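One structure is given below, encoded as structure tokens.
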Amino acid sequence: VPSTAPQPLQSIPAQPAQGPPKASGEALVLLSMLQEKGRFLDFLMEDITAYKDPQVAAASRVVHQGCAAVIREYLDLSPVHEGKEGDRLDIDPSSDPNRYRLVGKVSGQPPFSGVVIHRGWKTSKLALPRLTREIDPAGVNLITPIEVELR
């Protein structure tokens, strides 16, 4: 039966729970910077259904500008496919399977022929700041601390 869903990546079996998972310092640093500069997590975790579209648009502009600045500072992003969305693309049997996510009526083995619906992203630079202190000494996967304004 042909599948219409994206083909899933292989996942690593879950380990039995033994307290909170320990996140990598790099992931916490990146999330922390996205939160600090763009309020990324605040935006994603907020229930925006009660807000009108102009309010969401205004908030998303701030999030977009801050997060884009962080990404540009630490990553050098470019599309995987150099052409345009809508281009026809042939995928031969020797193609790297990690380079493509097949969607639509997927069956059989390559060669495949289809239309690019997203060009993908790659980076030639990942230059997160070096950690000069332990990122999460309490082991609670802290991304950003509580902000308290003193008066």
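Here, A, B, ... name the chains of the structure tokens in the order displayed, residue numbers run from 1 inside each chain, and ligands are numbered from 1 in the same displayed order.
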Near Asp76 in chain A, counting only C-alpha atoms, which residues have an atom at most 9 Å away, once you skip same-chain residues fewer than 5 positions from it, shown as a list of chain:residue names?
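Returned residues: A:Ile71, A:Lys122, A:Thr123, A:Ser124, A:Lys125, A:Leu126.
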Save out the residues we just selected, all heavy atoms, as an mmCIF file, in the first residue's frame.
data_model
loop_
_atom_site.group_PDB
_atom_site.id
_atom_site.type_symbol
_atom_site.label_atom_id
_atom_site.label_comp_id
_atom_site.auth_asym_id
_atom_site.auth_seq_id
_atom_site.Cartn_x
_atom_site.Cartn_y
_atom_site.Cartn_z
ATOM 1 N N ILE A 71 20.336 32.915 14.731
ATOM 2 C CA ILE A 71 20.669 31.898 13.727
ATOM 3 C C ILE A 71 21.776 32.396 12.805
ATOM 4 O O ILE A 71 22.742 31.677 12.531
ATOM 5 C CB ILE A 71 19.414 31.484 12.925
ATOM 6 C CG1 ILE A 71 18.381 30.811 13.828
ATOM 7 C CG2 ILE A 71 19.779 30.619 11.721
ATOM 8 C CD1 ILE A 71 18.830 29.523 14.467
ATOM 9 N N LYS A 122 20.747 23.230 5.115
ATOM 10 C CA LYS A 122 22.020 22.688 5.586
ATOM 11 C C LYS A 122 22.820 23.861 6.155
ATOM 12 O O LYS A 122 22.498 25.026 5.903
ATOM 13 C CB LYS A 122 22.790 22.003 4.463
ATOM 14 C CG LYS A 122 23.203 22.943 3.337
ATOM 15 C CD LYS A 122 23.909 22.207 2.232
ATOM 16 C CE LYS A 122 24.259 23.184 1.092
ATOM 17 N NZ LYS A 122 24.950 22.522 0.007
ATOM 18 N N THR A 123 23.829 23.537 6.922
ATOM 19 C CA THR A 123 24.699 24.579 7.446
ATOM 20 C C THR A 123 26.151 24.210 7.191
ATOM 21 O O THR A 123 26.522 23.042 7.269
ATOM 22 C CB THR A 123 24.456 24.843 8.948
ATOM 23 O OG1 THR A 123 25.248 25.959 9.352
ATOM 24 C CG2 THR A 123 24.786 23.638 9.802
ATOM 25 N N SER A 124 26.932 25.216 6.876
ATOM 26 C CA SER A 124 28.369 24.994 6.727
ATOM 27 C C SER A 124 29.112 25.507 7.947
ATOM 28 O O SER A 124 30.326 25.434 8.013
ATOM 29 C CB SER A 124 28.885 25.685 5.462
ATOM 30 O OG SER A 124 28.610 27.073 5.516
ATOM 31 N N LYS A 125 28.361 26.036 8.937
ATOM 32 C CA LYS A 125 28.980 26.542 10.157
ATOM 33 C C LYS A 125 28.028 26.310 11.322
ATOM 34 O O LYS A 125 26.848 26.584 11.224
ATOM 35 C CB LYS A 125 29.259 28.039 10.019
ATOM 36 C CG LYS A 125 29.725 28.723 11.298
ATOM 37 C CD LYS A 125 29.945 30.213 11.105
ATOM 38 C CE LYS A 125 28.727 30.984 11.551
ATOM 39 N NZ LYS A 125 28.902 32.429 11.563
ATOM 40 N N LEU A 126 28.540 25.788 12.392
ATOM 41 C CA LEU A 126 27.822 25.726 13.662
ATOM 42 C C LEU A 126 28.831 26.180 14.695
ATOM 43 O O LEU A 126 29.719 25.434 15.086
ATOM 44 C CB LEU A 126 27.315 24.316 13.970
ATOM 45 C CG LEU A 126 26.656 24.142 15.329
ATOM 46 C CD1 LEU A 126 25.473 25.087 15.502
ATOM 47 C CD2 LEU A 126 26.199 22.711 15.533
#
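Nearest residue to Pro111 in chain A among A:Val63, A:Leu128, A:Ile146, A:Ile91 is A:Ile91, counting only C-alpha atoms.
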Identify all residues of range 38-71 of chain A in alpha helix (DSSP H) (DSSP on the backbone) and supply them as a list in words.
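Put together, the selection reads Gly38, Phe40, Leu41, Asp42, Phe43, Leu44, Met45, Asp53, Pro54, Gln55, Val56, Ala57, Ala58, Ala59, Ser60, Arg61, Val62, Val63, His64, Gln65, Gly66, Cys67, Ala68, Ala69, Val70 and Ile71 of chain A.
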Could the residues in this selection be saved with N, CA and C atoms as a PDB file, in the first residue's frame?
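Output file again_9.pdb follows:
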ATOM      1  N   GLY A  38      14.821  36.449  21.081  1.00  0.00           N
ATOM      2  CA  GLY A  38      13.574  36.460  20.330  1.00  0.00           C
ATOM      3  C   GLY A  38      12.345  36.017  21.097  1.00  0.00           C
ATOM      4  N   PHE A  40      11.535  33.181  21.853  1.00  0.00           N
ATOM      5  CA  PHE A  40      11.088  32.042  21.055  1.00  0.00           C
ATOM      6  C   PHE A  40      10.192  31.079  21.840  1.00  0.00           C
ATOM      7  N   LEU A  41      10.649  30.651  23.000  1.00  0.00           N
ATOM      8  CA  LEU A  41       9.872  29.688  23.788  1.00  0.00           C
ATOM      9  C   LEU A  41       8.591  30.316  24.329  1.00  0.00           C
ATOM     10  N   ASP A  42       8.660  31.591  24.736  1.00  0.00           N
ATOM     11  CA  ASP A  42       7.452  32.278  25.193  1.00  0.00           C
ATOM     12  C   ASP A  42       6.388  32.252  24.099  1.00  0.00           C
ATOM     13  N   PHE A  43       6.817  32.542  22.868  1.00  0.00           N
ATOM     14  CA  PHE A  43       5.882  32.583  21.741  1.00  0.00           C
ATOM     15  C   PHE A  43       5.294  31.198  21.462  1.00  0.00           C
ATOM     16  N   LEU A  44       6.155  30.173  21.418  1.00  0.00           N
ATOM     17  CA  LEU A  44       5.677  28.826  21.095  1.00  0.00           C
ATOM     18  C   LEU A  44       4.788  28.236  22.180  1.00  0.00           C
ATOM     19  N   MET A  45       5.074  28.527  23.426  1.00  0.00           N
ATOM     20  CA  MET A  45       4.333  27.919  24.525  1.00  0.00           C
ATOM     21  C   MET A  45       3.063  28.684  24.886  1.00  0.00           C
ATOM     22  N   ASP A  53      -5.440  38.277  14.806  1.00  0.00           N
ATOM     23  CA  ASP A  53      -4.324  38.133  13.867  1.00  0.00           C
ATOM     24  C   ASP A  53      -3.324  39.290  13.924  1.00  0.00           C
ATOM     25  N   PRO A  54      -3.762  40.563  14.018  1.00  0.00           N
ATOM     26  CA  PRO A  54      -2.760  41.641  14.095  1.00  0.00           C
ATOM     27  C   PRO A  54      -1.873  41.549  15.339  1.00  0.00           C
ATOM     28  N   GLN A  55      -2.413  41.064  16.451  1.00  0.00           N
ATOM     29  CA  GLN A  55      -1.608  40.899  17.662  1.00  0.00           C
ATOM     30  C   GLN A  55      -0.569  39.794  17.467  1.00  0.00           C
ATOM     31  N   VAL A  56      -0.985  38.699  16.858  1.00  0.00           N
ATOM     32  CA  VAL A  56      -0.059  37.588  16.599  1.00  0.00           C
ATOM     33  C   VAL A  56       1.014  38.036  15.611  1.00  0.00           C
ATOM     34  N   ALA A  57       0.609  38.784  14.593  1.00  0.00           N
ATOM     35  CA  ALA A  57       1.573  39.273  13.602  1.00  0.00           C
ATOM     36  C   ALA A  57       2.615  40.185  14.244  1.00  0.00           C
ATOM     37  N   ALA A  58       2.176  41.078  15.122  1.00  0.00           N
ATOM     38  CA  ALA A  58       3.113  41.994  15.786  1.00  0.00           C
ATOM     39  C   ALA A  58       4.089  41.217  16.658  1.00  0.00           C
ATOM     40  N   ALA A  59       3.596  40.242  17.405  1.00  0.00           N
ATOM     41  CA  ALA A  59       4.472  39.436  18.258  1.00  0.00           C
ATOM     42  C   ALA A  59       5.422  38.597  17.416  1.00  0.00           C
ATOM     43  N   SER A  60       4.940  38.049  16.323  1.00  0.00           N
ATOM     44  CA  SER A  60       5.795  37.190  15.503  1.00  0.00           C
ATOM     45  C   SER A  60       6.917  37.975  14.845  1.00  0.00           C
ATOM     46  N   ARG A  61       6.701  39.261  14.573  1.00  0.00           N
ATOM     47  CA  ARG A  61       7.770  40.082  13.990  1.00  0.00           C
ATOM     48  C   ARG A  61       8.951  40.187  14.964  1.00  0.00           C
ATOM     49  N   VAL A  62       8.672  40.400  16.246  1.00  0.00           N
ATOM     50  CA  VAL A  62       9.728  40.496  17.260  1.00  0.00           C
ATOM     51  C   VAL A  62      10.455  39.154  17.394  1.00  0.00           C
ATOM     52  N   VAL A  63       9.686  38.070  17.448  1.00  0.00           N
ATOM     53  CA  VAL A  63      10.277  36.735  17.557  1.00  0.00           C
ATOM     54  C   VAL A  63      11.140  36.449  16.326  1.00  0.00           C
ATOM     55  N   HIS A  64      10.616  36.752  15.160  1.00  0.00           N
ATOM     56  CA  HIS A  64      11.333  36.501  13.905  1.00  0.00           C
ATOM     57  C   HIS A  64      12.659  37.256  13.874  1.00  0.00           C
ATOM     58  N   GLN A  65      12.638  38.531  14.180  1.00  0.00           N
ATOM     59  CA  GLN A  65      13.856  39.344  14.115  1.00  0.00           C
ATOM     60  C   GLN A  65      14.903  38.857  15.105  1.00  0.00           C
ATOM     61  N   GLY A  66      14.504  38.594  16.337  1.00  0.00           N
ATOM     62  CA  GLY A  66      15.457  38.146  17.353  1.00  0.00           C
ATOM     63  C   GLY A  66      16.038  36.782  17.055  1.00  0.00           C
ATOM     64  N   CYS A  67      15.175  35.847  16.689  1.00  0.00           N
ATOM     65  CA  CYS A  67      15.645  34.478  16.413  1.00  0.00           C
ATOM     66  C   CYS A  67      16.495  34.432  15.152  1.00  0.00           C
ATOM     67  N   ALA A  68      16.113  35.189  14.126  1.00  0.00           N
ATOM     68  CA  ALA A  68      16.903  35.221  12.890  1.00  0.00           C
ATOM     69  C   ALA A  68      18.304  35.758  13.163  1.00  0.00           C
ATOM     70  N   ALA A  69      18.420  36.751  14.045  1.00  0.00           N
ATOM     71  CA  ALA A  69      19.734  37.298  14.385  1.00  0.00           C
ATOM     72  C   ALA A  69      20.611  36.228  15.053  1.00  0.00           C
ATOM     73  N   VAL A  70      20.034  35.444  15.951  1.00  0.00           N
ATOM     74  CA  VAL A  70      20.784  34.372  16.613  1.00  0.00           C
ATOM     75  C   VAL A  70      21.239  33.340  15.586  1.00  0.00           C
ATOM     76  N   ILE A  71      20.336  32.915  14.731  1.00  0.00           N
ATOM     77  CA  ILE A  71      20.669  31.898  13.727  1.00  0.00           C
ATOM     78  C   ILE A  71      21.776  32.396  12.805  1.00  0.00           C
TER      79      ILE A  71
END
